[in-house]
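Q: The structure follows.
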Amino acid sequence: MELTAAAAWLNTTFAGFDVAVATGVHKLYDLAPGFFTPFMEFISIFGKGGICLIILSLALTFFKKTRRYGTAMSIGLLIAFLFVNVFLKVVIARPRPYLDQNSVFYQFWTLVGQHTESDKSFPSGHVNATFATMVPLFVLGDKRKSWLALLFGFLMCVSRIYLCVHFASDVLGGVITGTVGGLLGVAIAAKIPEKWYAWEYGRKAGRHERVQVR
């Protein structure tokens with residue numbers, strides 16, 4: 001399989017890092033394959049196609065109390081999706097780790113269920129979408145609780161490496177692009193007029209004023 005220059009550079013530069021992280025993560029399989037494999041599969045479901053994260057973002061946008069979160073998440077997700085899925089994955093075109101049957105990744109992959117993905121590997125779309133939505137939740141939320149958003153992001157990272165559908169460097173790339181997208185979402189959402197976040201109150205106030213006039 002002929003590699004692009006970018007994919008070849010990633011494979012060479014991060015070879016040791018990718019193998020070391022994958023080996024470390026797969027110690028979880030040795031500890032309890034019956035628990036960790038279905039758990040990692042379950043976590044990955046929430047990043048599949050970004051559907052669950054899109055629904056969550058739109059749902060939060062619908063309600064006045066959470067509209068600021070949902071707006072920032074939706075914008076961040078859109079930016080991150082376009083940059084990764086439309087541009088980076090296409091240009092870099094890095095093959096999935098399990099495609100090399102002579103690698104340690106293929107050995108791990110056969111143990112955990114042989115999950116496959118249809119697109120290219122770098123960066124991780126699951127992780128990119130997760131951080132694009134979880135970073136705004138963390139930044140805008142109460143830090144006593146919002147740290148759970150980053151915990152979910154961390155679990156998504158581990159799940160993609162555990163299932164051997166991504167190299168660790170793919171996941172790192174997804175963290176970076178998703179975080180940038182999420183922070184841009186927060187910055188852009190802050191520029192939106194306040195009436196967008198208070199439109200429900202304004203509608204009620206307007207209705208009250210009409211009643212008073214009558």
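So you can find residues: chains in the structure tokens are A, B, ... in the order shown, residues in each start at 1, and ligands are numbered from 1 in order.
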Write out, as JSON lines, each residue of region 16-86 of chain A that has an atom at most 8 Å from region 97-111 of chain A, together with the closest pair of atoms and their distance in Å to one decimal, counting only C-alpha atoms, rows going by chain and rising number.
A:
```
{"residue": "A:Val19", "atom": "CA", "partner": "A:Val104", "partner_atom": "CA", "distance": 7.5}
{"residue": "A:Ala22", "atom": "CA", "partner": "A:Phe105", "partner_atom": "CA", "distance": 7.5}
{"residue": "A:His26", "atom": "CA", "partner": "A:Phe108", "partner_atom": "CA", "distance": 7.3}
```
Q: Neighbours of Ile161 (chain A) within 9 Å (only C-alpha atoms; same-chain residues fewer than 3 positions away dropped), as a PyMOL selection string?
A: chain A and resi 21-22+25-26+156-158+164-168+171
Q: Enumerate as a VMD selection string all residues of region 81-158 of chain A assigned to helix (DSSP H, G or I) by DSSP on the backbone, naming them with the chain letters and numbers the document uses.
A: chain A and resid 81 to 92 97 to 99 104 to 111 125 to 140 143 to 158
Q: Produce a table with one row for each residue of region 49-105 of chain A that has an atom at most 12 Å from any atom of region 191-198 of chain A, each row naming the nearest atom pair and its distance in Å at one decimal; use only C-alpha atoms; arrange rows by chain and rising residue number; format as a tab-separated table.
A:
```
residue	atom	partner	partner_atom	distance
A:Leu60	CA	A:Tyr197	CA	11.5
A:Thr61	CA	A:Tyr197	CA	9.0
A:Phe62	CA	A:Tyr197	CA	10.0
A:Phe63	CA	A:Tyr197	CA	9.2
A:Lys64	CA	A:Tyr197	CA	6.3
A:Lys65	CA	A:Tyr197	CA	8.3
A:Thr66	CA	A:Tyr197	CA	8.9
A:Arg67	CA	A:Tyr197	CA	6.1
A:Arg68	CA	A:Tyr197	CA	6.6
A:Tyr69	CA	A:Tyr197	CA	10.2
A:Gly70	CA	A:Tyr197	CA	10.4
A:Thr71	CA	A:Tyr197	CA	9.1
A:Ala72	CA	A:Ile192	CA	10.1
A:Ile75	CA	A:Ile192	CA	11.4
```
Q: Tell me, counting only C-alpha atoms, for each residue of region 90-142 of chain A within 7 Å of region 38-58 of chain A, which pair of atoms is nearest and how far apart they are in Å to one decimal, in rows ordered by chain and increasing number, as a tab-separated table.
A:
```
residue	atom	partner	partner_atom	distance
A:His126	CA	A:Gly47	CA	4.6
A:Ala129	CA	A:Gly50	CA	6.2
A:Thr130	CA	A:Gly47	CA	6.6
```
Q: Restricting the output to N, CA and C atoms, write the selected residues as a PDB file, in the first residue's frame.
A:
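Result went into part-v9.pdb, see below:
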```pdb
ATOM      1  N   HIS A 126     -13.632  10.250  16.090  1.00  0.00           N
ATOM      2  CA  HIS A 126     -14.351  10.081  17.362  1.00  0.00           C
ATOM      3  C   HIS A 126     -13.819  11.050  18.419  1.00  0.00           C
ATOM      4  N   ALA A 129     -14.454  14.846  17.521  1.00  0.00           N
ATOM      5  CA  ALA A 129     -15.827  15.272  17.811  1.00  0.00           C
ATOM      6  C   ALA A 129     -16.086  15.345  19.312  1.00  0.00           C
ATOM      7  N   THR A 130     -15.521  14.399  20.052  1.00  0.00           N
ATOM      8  CA  THR A 130     -15.722  14.379  21.505  1.00  0.00           C
ATOM      9  C   THR A 130     -15.132  15.613  22.171  1.00  0.00           C
TER      10      THR A 130
END
```
Q: Which residue is closest to Asp170 (chain A)? Choose from A:Phe87, A:Phe131, A:Tyr29, A:Phe14 and count only C-alpha atoms.
A: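 The answer is A:Phe14, which sits nearest to Asp170 (chain A).
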Q: Between CA of Pro136 (chain A) and CA of Gly76 (chain A), what is the distance, to one decimal in Å?
A: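 Spanning CA of Pro136 (chain A) to CA of Gly76 (chain A) is a straight-line distance of 7.9 Å.
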Q: What is the CA of Val90 (chain A) to CA of Gly153 (chain A) distance in Å?
A: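 Between CA of Val90 (chain A) and CA of Gly153 (chain A) the gap is 23.9 Å.
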Q: CA of Arg160 (chain A) and CA of Lys143 (chain A) are how many Å apart?
A: 26.2 Å
Q: Measuring between only C-alpha atoms, which one of A:Ala5, A:Gly178, A:Lys120, A:Leu184 shows the shortest distance to Ala80 (chain A)?
A: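 When distances to Ala80 (chain A) are compared using only C-alpha atoms, the smallest one comes from A:Gly178.
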